[in-house]
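J.: My file is work_15.txt. It has compact mmCIF, C-alpha atoms:
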```txt
# COMPACT_ATOMS: atom_id res chain seq x y z
CA MET Z 1 0.00 0.00 0.00
CA MET Z 2 1.32 3.40 -0.92
CA THR Z 3 1.32 6.47 1.26
CA SER Z 4 -0.22 9.76 0.24
CA GLU Z 5 3.27 10.95 -0.59
CA THR Z 6 4.02 8.05 -2.95
CA PRO Z 7 2.57 8.32 -6.48
CA HIS Z 8 0.97 5.28 -8.05
CA SER Z 9 2.65 3.85 -11.12
CA GLY Z 10 -0.34 4.42 -13.37
CA GLY Z 11 -2.83 1.58 -13.27
CA ARG Z 12 -2.96 -2.16 -13.74
CA ASN Z 13 0.42 -3.39 -15.02
CA GLY Z 14 1.22 0.22 -15.83
CA ASP Z 15 -0.71 -0.02 -19.11
CA CYS Z 16 -3.50 2.41 -18.30
CA ASN Z 17 -3.98 5.70 -16.53
CA PRO Z 18 -7.47 6.04 -15.02
CA SER Z 19 -6.38 9.31 -13.41
CA ALA Z 20 -5.85 11.07 -16.73
CA ARG Z 21 -9.01 13.18 -16.52
CA ILE Z 22 -8.60 16.46 -14.67
CA PRO Z 23 -10.76 17.03 -11.54
CA LEU Z 24 -13.49 19.53 -12.41
CA CYS Z 25 -14.53 20.23 -8.81
CA ASP Z 26 -12.65 21.95 -6.02
CA ARG Z 27 -13.94 21.43 -2.48
CA ARG Z 28 -13.07 25.06 -1.68
CA THR Z 29 -15.54 26.36 -4.25
CA LEU Z 30 -18.37 23.80 -4.17
CA LYS Z 31 -20.70 26.19 -2.42
CA GLU Z 32 -19.92 29.05 -4.79
CA HIS Z 33 -20.11 27.07 -8.01
CA TYR Z 34 -22.63 24.32 -7.26
CA ASP Z 35 -24.70 25.33 -4.19
CA VAL Z 36 -23.35 22.31 -2.33
CA THR Z 37 -22.27 22.43 1.31
CA GLU Z 38 -20.74 19.85 3.61
CA GLU Z 39 -23.35 20.41 6.33
CA PHE Z 40 -26.49 20.74 4.21
CA GLY Z 41 -25.67 18.71 1.10
CA PHE Z 42 -27.87 19.92 -1.74
CA ALA Z 43 -30.39 21.52 0.63
CA SER Z 44 -30.38 25.29 0.95
CA GLU Z 45 -28.36 26.34 3.97
CA SER Z 46 -30.55 29.35 4.76
CA PRO Z 47 -33.97 29.20 3.06
CA LEU Z 48 -36.31 32.14 3.57
CA THR Z 49 -39.31 31.49 5.76
CA GLU Z 50 -41.31 34.50 4.59
CA LEU Z 51 -41.44 36.74 1.51
CA PRO Z 52 -40.98 40.55 1.74
CA GLU Z 53 -43.93 42.71 2.80
CA TYR Z 54 -44.92 43.55 -0.79
CA PHE Z 55 -45.74 39.86 -1.32
CA LYS Z 56 -47.88 39.59 1.81
CA PRO Z 57 -50.92 38.35 -0.21
CA TRP Z 58 -48.85 35.28 -1.21
CA ASN Z 59 -47.65 34.81 2.37
CA ASP Z 60 -51.19 34.99 3.73
CA ILE Z 61 -52.51 32.23 1.50
CA ALA Z 62 -49.45 29.99 1.72
CA PHE Z 63 -49.27 30.08 5.52
CA ASN Z 64 -52.96 29.14 5.80
CA LEU Z 65 -53.13 26.42 3.17
CA GLN Z 66 -53.84 23.59 5.60
CA GLN Z 67 -56.94 25.37 6.91
CA LEU Z 68 -57.97 26.64 3.49
CA MET Z 69 -57.74 23.12 2.05
CA GLU Z 70 -59.94 21.77 4.83
CA GLN Z 71 -62.49 24.53 4.22
CA LYS Z 72 -62.15 24.30 0.42
CA GLY Z 73 -61.38 27.99 0.37
CA VAL Z 74 -58.10 28.14 -1.57
CA ARG Z 75 -59.71 29.09 -4.87
CA ASP Z 76 -61.75 31.87 -3.35
CA GLU Z 77 -58.61 33.43 -1.90
CA VAL Z 78 -56.55 32.96 -5.08
CA GLU Z 79 -59.22 34.62 -7.20
CA LYS Z 80 -58.97 37.71 -4.97
CA LEU Z 81 -55.21 38.02 -5.49
CA PRO Z 82 -53.80 41.08 -7.27
CA LEU Z 83 -51.21 40.56 -9.99
CA LEU Z 84 -47.99 41.34 -8.13
CA ASP Z 85 -44.77 42.40 -9.83
CA HIS Z 86 -42.39 39.46 -9.47
CA ASN Z 87 -39.50 41.69 -10.50
CA ARG Z 88 -39.59 43.18 -7.03
CA LEU Z 89 -37.98 39.99 -5.80
CA GLU Z 90 -34.31 40.76 -5.24
CA THR Z 91 -32.06 38.09 -3.74
CA LYS Z 92 -31.57 34.52 -4.90
CA ALA Z 93 -33.22 33.32 -1.70
CA GLU Z 94 -36.28 35.48 -2.41
CA TRP Z 95 -36.68 34.08 -5.92
CA GLU Z 96 -36.37 30.52 -4.61
CA ALA Z 97 -38.83 31.14 -1.79
CA ALA Z 98 -41.29 32.70 -4.23
CA HIS Z 99 -41.12 29.54 -6.34
CA MET Z 100 -41.98 27.48 -3.27
CA PHE Z 101 -44.83 29.74 -2.15
CA LEU Z 102 -46.39 29.83 -5.62
CA ALA Z 103 -45.96 26.07 -6.02
CA TYR Z 104 -47.87 25.39 -2.82
CA ILE Z 105 -50.59 27.89 -3.68
CA THR Z 106 -50.96 26.29 -7.11
CA GLN Z 107 -51.24 22.77 -5.70
CA GLY Z 108 -53.89 23.95 -3.25
CA TYR Z 109 -55.82 25.61 -6.05
CA VAL Z 110 -55.69 22.53 -8.28
CA TRP Z 111 -56.39 19.81 -5.69
CA GLN Z 112 -58.74 21.65 -3.32
CA ASP Z 113 -61.78 19.64 -4.45
CA GLY Z 114 -59.95 16.37 -5.01
CA GLU Z 115 -59.60 14.43 -8.22
CA GLU Z 116 -63.16 15.15 -9.30
CA GLY Z 117 -62.84 18.92 -9.13
CA ILE Z 118 -59.69 19.70 -11.11
CA PRO Z 119 -59.80 23.16 -12.76
CA GLU Z 120 -58.65 23.71 -16.32
CA VAL Z 121 -57.09 27.15 -15.76
CA LEU Z 122 -54.65 28.57 -13.21
CA PRO Z 123 -55.55 32.26 -12.63
CA ARG Z 124 -53.28 34.96 -14.00
CA ALA Z 125 -52.35 36.35 -10.56
CA VAL Z 126 -50.53 33.09 -9.80
CA ALA Z 127 -49.73 31.75 -13.26
CA VAL Z 128 -47.81 34.77 -14.58
CA PRO Z 129 -45.41 35.26 -11.66
CA TYR Z 130 -45.06 31.51 -11.13
CA HIS Z 131 -43.97 30.96 -14.72
CA ALA Z 132 -41.63 33.96 -14.65
CA VAL Z 133 -40.00 32.93 -11.37
CA SER Z 134 -39.57 29.40 -12.72
CA GLU Z 135 -37.80 30.67 -15.81
CA ARG Z 136 -35.53 32.81 -13.65
CA ILE Z 137 -34.34 29.95 -11.45
CA GLY Z 138 -34.50 27.29 -14.17
CA ILE Z 139 -37.03 24.85 -12.71
CA PRO Z 140 -40.52 24.09 -14.16
CA PRO Z 141 -43.57 25.78 -12.57
CA THR Z 142 -44.73 22.71 -10.69
CA MET Z 143 -44.38 21.29 -7.21
CA ASN Z 144 -41.18 19.29 -7.14
CA TYR Z 145 -38.33 18.00 -4.99
CA PHE Z 146 -36.69 21.44 -4.95
CA ASN Z 147 -39.61 23.36 -3.46
CA THR Z 148 -40.89 20.62 -1.13
CA VAL Z 149 -37.53 19.60 0.33
CA LEU Z 150 -34.47 21.67 -0.51
CA VAL Z 151 -35.90 25.09 0.40
CA ASN Z 152 -38.86 24.04 2.55
CA TRP Z 153 -37.32 23.70 5.99
CA LYS Z 154 -36.30 25.70 9.06
CA TRP Z 155 -34.78 25.07 12.48
CA LYS Z 156 -36.77 24.68 15.66
CA ASN Z 157 -33.62 25.12 17.73
CA GLU Z 158 -30.66 26.23 15.62
CA GLU Z 159 -28.16 25.25 18.31
CA GLU Z 160 -29.15 21.60 17.98
CA ARG Z 161 -28.73 21.71 14.19
CA PHE Z 162 -29.39 18.40 12.40
CA SER Z 163 -30.07 16.34 15.52
CA GLY Z 164 -33.08 14.74 13.86
CA PRO Z 165 -36.34 15.53 12.06
CA GLU Z 166 -37.76 16.60 15.43
CA ASN Z 167 -35.56 19.71 15.33
CA LEU Z 168 -36.81 20.73 11.89
CA ASP Z 169 -40.03 22.21 10.64
CA THR Z 170 -41.36 22.84 7.18
CA VAL Z 171 -41.92 26.40 6.03
CA LEU Z 172 -45.17 25.44 4.29
CA THR Z 173 -47.65 22.60 4.65
CA LEU Z 174 -50.34 21.81 2.12
CA GLY Z 175 -52.97 19.41 3.40
CA GLY Z 176 -51.27 16.46 5.04
CA GLY Z 177 -50.63 17.99 8.45
CA SER Z 178 -47.85 16.73 10.69
CA GLU Z 179 -47.34 13.58 8.61
CA GLU Z 180 -46.73 15.62 5.48
CA GLN Z 181 -44.24 17.70 7.44
CA TRP Z 182 -42.45 14.60 8.69
CA PHE Z 183 -42.32 13.19 5.17
CA PHE Z 184 -40.32 16.16 3.90
CA LYS Z 185 -38.33 16.83 7.07
CA ALA Z 186 -36.96 13.29 7.00
CA THR Z 187 -35.74 13.90 3.47
CA VAL Z 188 -33.95 17.09 4.52
CA MET Z 189 -32.13 15.00 7.13
CA VAL Z 190 -31.02 12.59 4.41
CA GLU Z 191 -29.69 15.53 2.40
CA ALA Z 192 -27.71 16.73 5.41
CA GLU Z 193 -26.16 13.29 5.95
CA CYS Z 194 -25.16 13.23 2.28
CA GLY Z 195 -23.14 16.44 2.55
CA PRO Z 196 -19.87 14.87 3.76
CA ALA Z 197 -20.09 12.26 0.99
CA LEU Z 198 -20.30 14.98 -1.67
CA TYR Z 199 -17.12 16.62 -0.43
CA ALA Z 200 -15.40 13.25 -0.03
CA ILE Z 201 -16.25 12.46 -3.66
CA VAL Z 202 -14.29 15.53 -4.71
CA ASP Z 203 -11.43 14.47 -2.43
CA ALA Z 204 -11.49 10.96 -3.90
CA GLN Z 205 -11.28 12.23 -7.47
CA GLN Z 206 -8.40 14.49 -6.52
CA ALA Z 207 -6.66 11.51 -4.91
CA VAL Z 208 -7.13 9.50 -8.11
CA PHE Z 209 -5.70 12.34 -10.14
CA ASP Z 210 -2.72 12.62 -7.79
CA GLN Z 211 -2.47 8.81 -7.56
CA GLN Z 212 -2.42 8.91 -3.76
CA ASP Z 213 -3.92 5.72 -2.41
CA THR Z 214 -4.03 6.68 1.26
CA LYS Z 215 -6.09 9.80 0.55
CA LEU Z 216 -8.38 7.82 -1.73
CA GLU Z 217 -8.95 5.23 0.97
CA GLU Z 218 -9.76 7.94 3.51
CA ALA Z 219 -12.25 9.58 1.14
CA LEU Z 220 -14.00 6.29 0.35
CA ILE Z 221 -14.39 5.59 4.06
CA VAL Z 222 -16.12 8.97 4.48
CA ILE Z 223 -18.46 8.19 1.56
CA GLU Z 224 -19.41 4.78 2.93
CA ARG Z 225 -20.05 6.12 6.43
CA ALA Z 226 -22.14 8.98 5.06
CA VAL Z 227 -24.38 6.66 3.04
CA VAL Z 228 -24.85 4.43 6.08
CA LYS Z 229 -25.99 7.51 8.03
CA MET Z 230 -28.33 8.39 5.17
CA VAL Z 231 -29.91 4.98 5.52
CA LYS Z 232 -30.27 5.49 9.26
CA GLN Z 233 -32.22 8.68 8.63
CA LEU Z 234 -34.29 7.04 5.92
CA ARG Z 235 -35.46 4.44 8.40
CA ARG Z 236 -36.99 7.18 10.51
CA THR Z 237 -39.60 7.89 7.86
CA ARG Z 238 -41.83 5.24 9.40
CA ASP Z 239 -41.76 7.06 12.75
CA GLY Z 240 -44.02 9.84 11.52
CA LEU Z 241 -45.68 8.76 8.26
CA SER Z 242 -48.45 6.19 7.95
CA PRO Z 243 -49.15 4.35 4.69
CA GLU Z 244 -52.79 5.40 4.90
CA THR Z 245 -52.03 9.12 5.06
CA PHE Z 246 -49.45 8.93 2.35
CA PHE Z 247 -51.59 6.95 -0.07
CA ASN Z 248 -54.92 8.62 0.57
CA VAL Z 249 -53.84 12.23 1.12
CA ILE Z 250 -50.26 13.15 0.31
CA ARG Z 251 -49.90 11.28 -2.97
CA GLN Z 252 -52.75 13.31 -4.49
CA ILE Z 253 -51.82 16.79 -3.38
CA ILE Z 254 -48.20 16.45 -4.58
CA SER Z 255 -49.25 15.11 -7.99
CA GLY Z 256 -48.60 16.97 -11.21
CA TRP Z 257 -50.57 17.47 -14.38
CA ASP Z 258 -49.58 14.00 -15.60
CA SER Z 259 -51.82 12.21 -13.11
CA PRO Z 260 -54.66 9.86 -14.13
CA ALA Z 261 -57.10 12.38 -12.63
CA PHE Z 262 -56.19 14.84 -15.38
CA ARG Z 263 -56.44 12.18 -18.06
CA ALA Z 264 -59.78 11.00 -16.72
CA LYS Z 265 -61.16 14.48 -17.41
CA GLY Z 266 -59.56 14.56 -20.85
CA LEU Z 267 -57.08 17.24 -19.75
CA THR Z 268 -53.59 17.33 -21.22
CA GLY Z 269 -52.28 19.79 -18.67
CA LEU Z 270 -53.13 23.05 -16.95
CA ILE Z 271 -53.66 26.38 -18.74
CA TYR Z 272 -51.49 29.08 -17.17
CA GLU Z 273 -53.59 32.17 -17.77
CA GLY Z 274 -51.55 35.02 -19.20
CA VAL Z 275 -48.76 32.63 -20.17
CA SER Z 276 -50.24 30.21 -22.68
CA ASP Z 277 -53.65 29.58 -24.21
CA LYS Z 278 -52.79 25.89 -24.43
CA PRO Z 279 -52.40 23.50 -21.48
CA LEU Z 280 -48.89 23.16 -20.10
CA TRP Z 281 -47.79 19.76 -18.79
CA TRP Z 282 -45.40 19.03 -15.95
CA ARG Z 283 -44.91 16.20 -13.51
CA GLY Z 284 -45.40 16.59 -9.81
CA THR Z 285 -43.11 15.90 -6.87
CA SER Z 286 -40.63 13.11 -7.48
CA GLY Z 287 -37.57 11.93 -5.62
CA VAL Z 288 -36.11 10.96 -9.00
CA ALA Z 289 -35.16 14.64 -9.19
CA ASN Z 290 -32.91 14.39 -6.13
CA SER Z 291 -29.22 14.91 -6.86
CA MET Z 292 -27.78 12.59 -4.20
CA LEU Z 293 -28.09 9.22 -5.92
CA PRO Z 294 -27.09 10.50 -9.38
CA THR Z 295 -23.95 11.97 -7.81
CA LEU Z 296 -23.11 8.71 -6.07
CA ASP Z 297 -23.71 6.82 -9.32
CA ALA Z 298 -21.45 9.21 -11.23
CA ALA Z 299 -18.71 9.08 -8.61
CA LEU Z 300 -18.68 5.32 -8.11
CA GLY Z 301 -19.11 4.47 -11.79
CA ILE Z 302 -22.51 2.80 -11.44
CA THR Z 303 -24.14 2.50 -14.85
CA HIS Z 304 -27.73 1.45 -15.43
CA ARG Z 305 -29.59 -0.21 -18.26
CA PRO Z 306 -30.15 2.16 -21.21
CA SER Z 307 -33.91 2.12 -20.66
CA ASP Z 308 -33.44 3.09 -17.02
CA GLU Z 309 -30.95 5.83 -17.91
CA VAL Z 310 -33.56 7.34 -20.24
CA ILE Z 311 -36.04 7.54 -17.38
CA LEU Z 312 -33.48 9.08 -15.03
CA GLU Z 313 -32.48 11.64 -17.66
CA GLU Z 314 -36.10 12.78 -17.94
CA PHE Z 315 -35.78 14.50 -14.58
CA THR Z 316 -32.73 16.65 -15.23
CA GLU Z 317 -34.94 19.69 -15.92
CA TYR Z 318 -36.56 19.30 -12.49
CA ARG Z 319 -33.16 19.62 -10.82
CA PRO Z 320 -31.52 22.96 -9.95
CA GLY Z 321 -29.06 23.84 -12.69
CA ARG Z 322 -26.03 24.08 -10.43
CA HIS Z 323 -26.79 20.68 -8.92
CA ALA Z 324 -27.08 19.14 -12.38
CA ALA Z 325 -23.77 20.80 -13.27
CA PHE Z 326 -22.14 19.22 -10.22
CA ILE Z 327 -23.33 15.75 -11.24
CA SER Z 328 -21.96 16.34 -14.73
CA ALA Z 329 -18.62 17.56 -13.39
CA VAL Z 330 -18.26 14.48 -11.20
CA ALA Z 331 -19.16 12.21 -14.11
CA ARG Z 332 -16.49 13.84 -16.28
CA GLY Z 333 -13.82 13.84 -13.58
CA PRO Z 334 -11.18 11.20 -12.80
CA SER Z 335 -12.69 7.71 -12.69
CA ILE Z 336 -12.63 6.31 -9.17
CA ARG Z 337 -13.89 2.97 -10.41
CA GLU Z 338 -11.22 2.52 -13.09
CA TYR Z 339 -8.48 3.41 -10.62
CA VAL Z 340 -9.81 1.00 -7.99
CA GLU Z 341 -10.11 -1.70 -10.64
CA SER Z 342 -6.39 -1.32 -11.31
CA LEU Z 343 -5.69 -2.35 -7.70
CA PRO Z 344 -7.06 -5.92 -7.49
CA GLY Z 345 -7.09 -7.44 -4.02
CA SER Z 346 -6.30 -4.13 -2.35
CA ASN Z 347 -7.93 -2.72 0.77
CA ILE Z 348 -9.11 0.18 -1.39
CA GLN Z 349 -11.14 -2.24 -3.48
CA VAL Z 350 -12.71 -3.67 -0.31
CA ILE Z 351 -13.71 -0.20 0.89
CA TYR Z 352 -15.00 0.73 -2.57
CA ASN Z 353 -17.23 -2.35 -2.48
CA LYS Z 354 -18.52 -1.24 0.92
CA CYS Z 355 -19.56 2.07 -0.65
CA LEU Z 356 -21.46 0.20 -3.33
CA LYS Z 357 -23.02 -2.10 -0.77
CA ALA Z 358 -24.32 0.92 1.14
CA VAL Z 359 -25.88 2.35 -2.02
CA GLN Z 360 -27.35 -1.08 -2.76
CA LEU Z 361 -29.02 -1.12 0.67
CA PHE Z 362 -30.33 2.36 0.01
CA ARG Z 363 -32.00 1.06 -3.14
CA ASP Z 364 -33.22 -2.07 -1.40
CA PHE Z 365 -35.06 0.23 0.96
CA HIS Z 366 -36.67 1.94 -2.01
CA LEU Z 367 -38.29 -1.32 -2.85
CA GLN Z 368 -39.43 -1.98 0.69
CA MET Z 369 -41.02 1.44 0.99
CA VAL Z 370 -42.74 1.11 -2.36
CA THR Z 371 -44.35 -1.99 -0.94
CA ARG Z 372 -45.24 -0.31 2.35
CA TYR Z 373 -46.55 3.00 1.04
CA ILE Z 374 -47.81 2.07 -2.41
CA ILE Z 375 -48.32 -1.58 -3.26
CA ILE Z 376 -50.11 -2.66 -0.09
CA PRO Z 377 -52.38 0.42 0.20
CA ALA Z 378 -53.11 0.20 -3.53
CA SER Z 379 -54.18 -3.42 -3.21
CA LYS Z 380 -56.57 -2.44 -0.42
CA HIS Z 381 -57.84 0.40 -2.60
CA VAL Z 382 -58.53 -2.04 -5.41
CA GLN Z 383 -60.39 -4.41 -3.13
CA GLU Z 384 -62.53 -1.61 -1.72
CA ARG Z 385 -63.47 -0.27 -5.14
CA GLU Z 386 -63.59 -3.69 -6.79
CA LYS Z 387 -61.68 -2.21 -9.67
CA ASP Z 388 -58.30 -3.16 -11.04
CA THR Z 389 -56.14 -0.03 -10.90
CA THR Z 390 -52.71 -1.59 -11.16
CA GLY Z 391 -52.44 -2.96 -14.68
CA THR Z 392 -49.04 -3.94 -16.05
CA GLY Z 393 -47.50 -0.64 -15.04
CA GLY Z 394 -47.30 -1.72 -11.40
CA THR Z 395 -44.86 -4.41 -12.39
CA ASP Z 396 -42.98 -2.06 -14.68
CA PHE Z 397 -41.94 0.49 -12.08
CA MET Z 398 -40.90 -2.24 -9.67
CA VAL Z 399 -38.77 -3.63 -12.48
CA PHE Z 400 -37.26 -0.16 -12.89
CA LEU Z 401 -36.36 0.13 -9.20
CA LYS Z 402 -34.98 -3.41 -9.10
CA GLY Z 403 -32.93 -2.57 -12.18
CA LEU Z 404 -31.28 0.35 -10.36
CA ARG Z 405 -30.55 -1.90 -7.39
CA ASP Z 406 -29.16 -4.69 -9.58
CA SER Z 407 -26.89 -2.27 -11.43
CA THR Z 408 -25.42 -1.30 -8.07
CA ILE Z 409 -24.84 -4.95 -7.15
CA LYS Z 410 -23.26 -5.62 -10.52
CA ALA Z 411 -20.81 -2.77 -10.04
CA GLN Z 412 -19.31 -4.46 -6.96
CA PHE Z 413 -16.06 -6.25 -7.73
CA GLY Z 414 -16.46 -10.00 -7.44
CA LYS Z 415 -20.22 -9.71 -7.01
CA LYS Z 416 -22.70 -11.57 -9.17
CA ILE Z 417 -26.42 -10.95 -9.51
CA THR Z 418 -28.30 -13.78 -7.84
CA THR Z 419 -31.63 -15.03 -9.05
CA GLU Z 420 -34.73 -13.46 -7.58
CA SER Z 421 -35.53 -16.61 -5.67
CA ASN Z 422 -32.11 -16.65 -3.98
CA ARG Z 423 -31.80 -12.94 -3.26
CA LYS Z 424 -32.76 -11.71 0.18
CA SER Z 425 -36.05 -9.87 -0.02
CA PRO Z 426 -35.81 -6.13 0.56
CA GLN Z 427 -38.79 -6.48 2.88
CA SER Z 428 -36.67 -8.56 5.21
CA THR Z 429 -34.08 -5.85 5.74
CA GLY Z 430 -36.33 -4.02 8.19
CA HIS Z 431 -35.35 -0.58 6.93
CA GLY Z 432 -37.17 2.33 5.31
CA VAL Z 433 -36.57 5.02 2.74
CA ILE Z 434 -38.22 8.38 2.25
CA LEU Z 435 -36.99 8.95 -1.27
CA ALA Z 436 -38.69 5.87 -2.66
CA THR Z 437 -42.08 7.20 -1.80
CA VAL Z 438 -41.56 10.45 -3.65
CA MET Z 439 -39.40 8.81 -6.30
CA VAL Z 440 -42.08 6.44 -7.56
CA CYS Z 441 -44.48 9.34 -8.16
CA ALA Z 442 -42.87 10.09 -11.48
CA VAL Z 443 -41.61 6.59 -12.24
CA ALA Z 444 -45.12 5.17 -12.15
CA THR Z 445 -46.28 7.90 -14.48
CA LEU Z 446 -43.47 7.45 -16.96
CA LEU Z 447 -44.21 3.74 -17.16
CA TYR Z 448 -47.96 4.24 -17.01
CA ARG Z 449 -50.19 2.13 -19.17
CA LYS Z 450 -53.26 1.19 -17.10
CA LEU Z 451 -51.79 2.24 -13.79
CA SER Z 452 -53.66 4.39 -11.30
CA TRP Z 453 -51.81 7.22 -9.64
CA PHE Z 454 -50.23 5.26 -6.79
CA ILE Z 455 -48.29 8.16 -5.36
```
Go through the file and emit its structure as structure tokens.

T.:
Amino acid sequence: MMTSETPHSGGRNGDCNPSARIPLCDRRTLKEHYDVTEEFGFASESPLTELPEYFKPWNDIAFNLQQLMEQKGVRDEVEKLPLLDHNRLETKAEWEAAHMFLAYITQGYVWQDGEEGIPEVLPRAVAVPYHAVSERIGIPPTMNYFNTVLVNWKWKNEEERFSGPENLDTVLTLGGGSEEQWFFKATVMVEAECGPALYAIVDAQQAVFDQQDTKLEEALIVIERAVVKMVKQLRRTRDGLSPETFFNVIRQIISGWDSPAFRAKGLTGLIYEGVSDKPLWWRGTSGVANSMLPTLDAALGITHRPSDEVILEEFTEYRPGRHAAFISAVARGPSIREYVESLPGSNIQVIYNKCLKAVQLFRDFHLQMVTRYIIIPASKHVQEREKDTTGTGGTDFMVFLKGLRDSTIKAQFGKKITTESNRKSPQSTGHGVILATVMVCAVATLLYRKLSWFI
């Protein structure tokens, strides 16, 4: 084993150089260039909890959405709104907060009366600024992972920091009460646990470039430990979210304009008054748009089936531009996998496999939580309505998730994919995952044939 001061000779038998690519990320400038921090991961480190006084009409509706949803009064309040000048937003944080506030107001307006009462038009007073703000920050005008998780949190006690979901609160809540809050707070905790891994990825690529094995080993250990902590936080989802509330309440109000409810009414989207005379179509909240797993895939050299990669690529536009740029920079940087492959039998290869194993467990938990929060409640829903709402699509999105998991197993050195009958069931792991529940929202839609809106 070499020390950090001893350069590696250049790969297996000296006939290759996996460190040839130049590192495109510098840990000293990750925050400045990519909005990534070691403490918060991809989550905003200081999201606004209220818009400036001029935007008080937006504040008033957004802060009272839970009550307005219960009273079916969101539309009455929205229709009273004046058309405010979005250009009076100044800071980056204000623009991002405005996107969140308008997203929540829009969801309340659309889903106030449930699936049977979907409107065809979003009023100008919301549609115009919402679309403009979305263009400014580069994310579609729809509820998504960015505005439900990354900027939708605040401390209860700042001194305790990320001690657990109990010390966090959401800025806004739509209609799912404390369970909705827990759902998104748990995800913020996962983001925070991912932060050290993101910085260690940059360190690992630098170590590959410098051919310093000791530093690479240290960085891989940090990555593996961070993912294990992510899993620990994911398990806490079950502490505050019931399958019944998720399936019957939350899944609907976070849906986009691609849901079966829209199709059932013959709608191809939502008309944004003052923006377009034709319906505009966007998906709703989906964990597929998170940047954590794509970054881990890019860093560890995990490649998926072409059909799965197409699905994953669909969600790039729902991801903040700087986060997408970070994933791209990692993917184009020095190859950790190729370098580790050139060191057969080394301790580095063992630690690298541990990183992959942790990611595999993460994806195993996806499958378990799909079963807990989607498949089982959906089967009860079918029995109650005596109507088949699963179709072949239910199998398809499970195949998709299993494909991501199997790609991670396949990437492990010396690991072979076992048959389904011999593989340990993800249900037997006894763990949970928050991202799976939001992730499948969009996956089910993409693979929809005769599938009801499970999420």

J.: Quick one: everything within 7 Å of Ile22 of chain Z, counting only C-alpha atoms, minus sequence neighbours fewer than 4 positions away in the same chain. Send it as a PDB file with C-alpha atoms, in the coordinates of the input.

T.:
```pdb
ATOM      1  CA  PHE Z 209      -5.700  12.340 -10.140  1.00  0.00           C
ATOM      2  CA  GLY Z 333     -13.820  13.840 -13.580  1.00  0.00           C
ATOM      3  CA  PRO Z 334     -11.180  11.200 -12.800  1.00  0.00           C
TER       4      PRO Z 334
END
```

J.: Excluding segment 229-235 of chain Z and its own-chain neighbours fewer than 3 positions away, which residues fall within 12 Å of it when counting all atoms listed in the file? Please give them as a PyMOL selection string.

T.: chain Z and resi 41+162-166+182-197+222-226+238-241+292-293+357-366+368-369+429-437

J.: Could you give me, as JSON lines, every segment 60-120 of chain Z residue with an atom at most 12 Å from segment 245-251 of chain Z, plus its closest atom pair and distance in Å to one decimal, counting all atoms listed in the file, rows ordered by chain then number?

T.:
```
{"residue": "Z:Met69", "atom": "CA", "partner": "Z:Val249", "partner_atom": "CA", "distance": 11.6}
{"residue": "Z:Glu70", "atom": "CA", "partner": "Z:Val249", "partner_atom": "CA", "distance": 11.9}
{"residue": "Z:Gln107", "atom": "CA", "partner": "Z:Ile250", "partner_atom": "CA", "distance": 11.4}
{"residue": "Z:Gly108", "atom": "CA", "partner": "Z:Ile250", "partner_atom": "CA", "distance": 11.9}
{"residue": "Z:Trp111", "atom": "CA", "partner": "Z:Val249", "partner_atom": "CA", "distance": 10.5}
{"residue": "Z:Gln112", "atom": "CA", "partner": "Z:Val249", "partner_atom": "CA", "distance": 11.5}
{"residue": "Z:Gly114", "atom": "CA", "partner": "Z:Val249", "partner_atom": "CA", "distance": 9.6}
{"residue": "Z:Glu115", "atom": "CA", "partner": "Z:Val249", "partner_atom": "CA", "distance": 11.2}
```

J.: Find the residue from Z:Pro23, Z:Pro119, Z:Pro129, Z:Gly177 that sits nearest to Phe55 of chain Z; use only C-alpha atoms when measuring.

T.: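 The answer is Z:Pro129, which sits nearest to Phe55 of chain Z.
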
J.: Which value, in Å to one decimal, gives the distance between atom CA of Asp60 of chain Z and atom CA of Gly274 of chain Z?

T.: 22.9 Å

J.: One decimal, in Å: what's the spacing between atom CA of Val121 of chain Z and atom CA of Ser276 of chain Z?

T.: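 Taking atom CA of Val121 of chain Z and atom CA of Ser276 of chain Z, their separation equals 10.2 Å.
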
J.: Given the choices Z:Asn290, Z:Gly301, Z:Ala127, Z:Lys72, which gets closest to Glu313 of chain Z if the distance is worked out from all atoms listed in the file?

T.: Z:Asn290

J.: Using all atoms listed in the file for the distances, tell me which of Z:Ser259, Z:Thr214, Z:Ser242, Z:Ser407 is nearest to Ile348 of chain Z.

T.: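 Ranking Z:Ser259, Z:Thr214, Z:Ser242, Z:Ser407 by distance to Ile348 of chain Z, first place goes to Z:Thr214.
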
J.: Box for segment 198-211 of chain Z: with edges along x, y and z, all listed atoms inside and 4 Å added on each side, what are the centre and edge lengths in Å to one decimal, as AutoDock Vina command-line options?

T.:
```
--center_x -11.4 --center_y 12.7 --center_z -5.1 --size_x 25.8 --size_y 15.8 --size_z 18.1
```
